[in-house]
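A short write-up of the structure that comes next.
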Amino acid sequence: MTNSSASPFSPPILSLVVPMFNEAGNLDGLFDRLAQVLGGLDASYEIVCVDDGSSDDTVARVVDHHGRDPRIKLVELSRNFGKELALTAGLKHARGRCVVMIDADLQHPPEVIGEMLEKWREGYEMVIAVRRGRDDESAFKRSAAKVFYELFGRVSEVQLPRGAGDFRLLDRKVVDVLNAMPEHTRFMKGLYAWVGFRQVTIPYDVAPRAAGQTKFNAFRLWRLAIDGITSFTSVPLKVWTFAGMLVAAFALLYGLLFIVKTLILGIDVPGYPSLIVAITFFSGVQLISLGVIGEYLGRVFSEVKQRPLFVVRQAVGFEAETKDEPR
Ligand code: UDP
Ligand code: MG
């Protein structure tokens, strides 16, 4: 079923979606490895590179590679929108009968793609590559991830397979469903789980980053975790009803105790420290609950604005060459 001679404009079997944010140093190695691996597969392919507002020469290098191999295509976003939206942009542009998302830093070994295609041909609609261990990460990141997955599993309406990331194959049916989802806060791992379909996992070993540094610092991971939880459960909003009822019941009992005590023992000297502790503690609790409401309200706000999810500056390689009109 090889049709590698097909025109670069007819839909291929396989689309790769590669989000890139300042990955210039990785591109030569990446395209080399991909060409090797994909060349050995019995499937036509395209590589959809999504530039997520890089400030290095990622765009120029991808355009360069496109000149040599038209199957390498570029979607350039107008600024940095974050990995989730870069993936979304890639899924919108990919035209393959199945799509594999893969990081640009070679942490996801391309050799696994062959195995994914086999599973897809067996009839699975989503093939999830699951990392064997997290030995490559710091103890802090590992335990933070553990807490997040534990919490998410408990409160959310969907379950995330442990160790599953964005490295996975999606059938065209799945991609169409994801493309039709209008939500702005896109926690992709949650969305993949939400859509369902016939899924299978295959294990892989994470490689160290080829060049450059991770783009996710502690703050970005925190935002991602909050996005994930607020997009998939409203439990954090509802716990305050129970917390409030509990505190009110406690206050009532405590009040009764004081009335009885005053009636029996007379007026007591007021307890200043307990007053301060109670005031500061419950002010803290109230601010947290306001913050939680704020998180959800912020999301409602960004949804109702109905802005586009991402803005494309240019797309290279998706249709017959159109020249820019002179200004
Ligand atoms: N990435 C992106 N936009 C961002 C951050 C990251 O497109 O705002 C891309 C990045 O170029 C890489 C992939 O997402 O291809 C994974 O990022 P990274 O390797 O920094 O994350 P980690 O592997 O440390 O989780
Ligand atoms: Mg990485």
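Identifiers in the structure tokens: chain A, B, ... in order shown; residue index from 1 per chain; ligand index from 1 in order shown.
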Using only C-alpha atoms, I'd like a table of the residues in region 214-280 of chain A that come within 12 Å of region 18-39 of chain A; for each, show the closest atom pair and its distance in Å rounded to one decimal, ordered by chain and ascending number, as CSV.
residue,atom,partner,partner_atom,distance
A:Thr214,CA,A:Phe21,CA,9.9
A:Lys215,CA,A:Phe21,CA,7.8
A:Phe216,CA,A:Phe21,CA,11.0
Q: For ligand 2, collect every residue having any atom at a distance of at most 6 Å from a ligand atom (counting only C-alpha atoms and all ligand atoms); output as a list of chain:residue names.
A: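 Those residues are A:Asp105, A:Gln107, A:Arg209, A:Thr214.
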Keeping N, CA and C atoms, export the residues of the selection given above as a PDB file, in the first residue's frame.
ATOM      1  N   ASP A 105      12.127  17.208  20.801  1.00  0.00           N
ATOM      2  CA  ASP A 105      13.429  17.076  21.445  1.00  0.00           C
ATOM      3  C   ASP A 105      13.937  15.636  21.479  1.00  0.00           C
ATOM      4  N   GLN A 107      12.767  13.108  22.838  1.00  0.00           N
ATOM      5  CA  GLN A 107      12.508  12.343  24.066  1.00  0.00           C
ATOM      6  C   GLN A 107      11.556  11.192  23.766  1.00  0.00           C
ATOM      7  N   ARG A 209      16.532  14.656  26.792  1.00  0.00           N
ATOM      8  CA  ARG A 209      16.355  15.718  25.814  1.00  0.00           C
ATOM      9  C   ARG A 209      17.619  15.835  24.940  1.00  0.00           C
ATOM     10  N   THR A 214      14.122  22.005  28.971  1.00  0.00           N
ATOM     11  CA  THR A 214      12.664  21.862  29.040  1.00  0.00           C
ATOM     12  C   THR A 214      12.019  23.239  29.076  1.00  0.00           C
TER      13      THR A 214
END
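Near Ile288 (chain A), within 12 Å and counting only C-alpha atoms, sit Pro236, Leu237, Val239, Trp240, Ala243, Phe281, Phe282, Ser283, Gly284, Val292, Ile293, Gly294 and Glu295 of chain A, not including residues fewer than 4 positions from it in the same chain.
When only C-alpha atoms and all ligand atoms are used to measure the gap to ligand 1, the shortest distance among A:His66, A:Pro161, A:Leu221, A:Pro109 belongs to A:Leu221.
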Q. Would you give me, as a PyMOL selection string, the residues in region 56-228 of chain A that DSSP reads as strand (DSSP E or B)?
A. chain A and resi 72-77+98-101+126-131+164-171+199-204
Q: Can you work out which one of A:Pro12, A:Gly298, A:Gly96, A:Pro203 has the shortest atom-to-atom distance to Gly133 (chain A), counting only C-alpha atoms?
A: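 Checking each candidate against Gly133 (chain A), we get A:Pro203 as the closest.
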Q: Quote the spacing between atom 9 (C, counted along the ligand's line) of ligand 1 and CA of Ser234 (chain A) in Å to one decimal place.
A: 28.6 Å
Q.
Can you pull out the residues contacting Leu91 (chain A)? Cut-off 9 Å, using only C-alpha atoms, and skip same-chain residues under 5 positions away; I want them as number ranges by chain.
A. A: 15, 17, 48, 86, 99, 101, 175-176, 178-179
Please, could you write that set of residues out with C-alpha atoms as a PDB file, in the first residue's frame?
ATOM      1  CA  SER A  15       0.573  12.762   9.818  1.00  0.00           C
ATOM      2  CA  VAL A  17       2.393  16.653  14.564  1.00  0.00           C
ATOM      3  CA  VAL A  48       3.358  18.965  10.427  1.00  0.00           C
ATOM      4  CA  ALA A  86       0.266  24.160  19.399  1.00  0.00           C
ATOM      5  CA  VAL A  99      -2.001  11.319  13.421  1.00  0.00           C
ATOM      6  CA  MET A 101       1.967  13.618  18.116  1.00  0.00           C
ATOM      7  CA  VAL A 175      -8.946  13.790  15.434  1.00  0.00           C
ATOM      8  CA  ASP A 176     -12.242  14.966  13.924  1.00  0.00           C
ATOM      9  CA  LEU A 178     -11.079  16.715  18.988  1.00  0.00           C
ATOM     10  CA  ASN A 179     -11.151  19.313  16.215  1.00  0.00           C
TER      11      ASN A 179
END
Q. Which residues come within 10 Å of Ala145 (chain A), counting only C-alpha atoms, excluding same-chain residues fewer than 6 positions away, as an NGL selection string?
A. :A and (134 or 139 or 151 or 162-163 or 221 or 225)
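Distance check against ligand 1 using only C-alpha atoms and all ligand atoms: of A:Ala211, A:Leu41, A:Leu252, A:Ile113, the minimum falls on A:Ala211.
Minimum atom-to-atom distance to Ser302 (chain A), evaluated using only C-alpha atoms, belongs to A:Pro182 out of A:Pro182, A:Val200, A:Phe167, A:Gly114.
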Q: Would you list the contacts of Ala89 (chain A) as a PyMOL selection string, taking every protein, DNA or RNA residue within 8 Å and counting only C-alpha atoms, but skipping same-chain residues closer than 3 positions in sequence?
A: chain A and resi 50+75+85-86+92-93+310
Q: Quick one: everything within 6 Å of Ile47 (chain A), counting only C-alpha atoms, minus sequence neighbours fewer than 6 positions away in the same chain. Send it as a list of chain:residue names.
A: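 Those residues are A:Ser15, A:Leu16, A:Ile72, A:Lys73.
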Writing out the chosen residues with N, CA and C atoms as a CSV table (one decimal), in the first residue's frame:
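New file part-v7.csv:
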chain,number,residue,atom,x,y,z
A,15,SER,N,0.1,11.4,9.6
A,15,SER,CA,0.6,12.8,9.8
A,15,SER,C,1.3,12.8,11.2
A,16,LEU,N,2.5,13.4,11.2
A,16,LEU,CA,3.1,13.6,12.5
A,16,LEU,C,2.9,15.0,12.8
A,72,ILE,N,7.7,17.8,4.8
A,72,ILE,CA,7.9,18.6,6.0
A,72,ILE,C,7.2,19.9,5.8
A,73,LYS,N,6.1,20.1,6.7
A,73,LYS,CA,5.3,21.3,6.5
A,73,LYS,C,5.3,22.1,7.8
Q. From the list A:Val59, A:Ala104, A:Leu309, A:Ala94, which residue is nearest Gly212 (chain A) when using only C-alpha atoms?
A.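 Smallest separation from Gly212 (chain A) among the options: A:Ala104.
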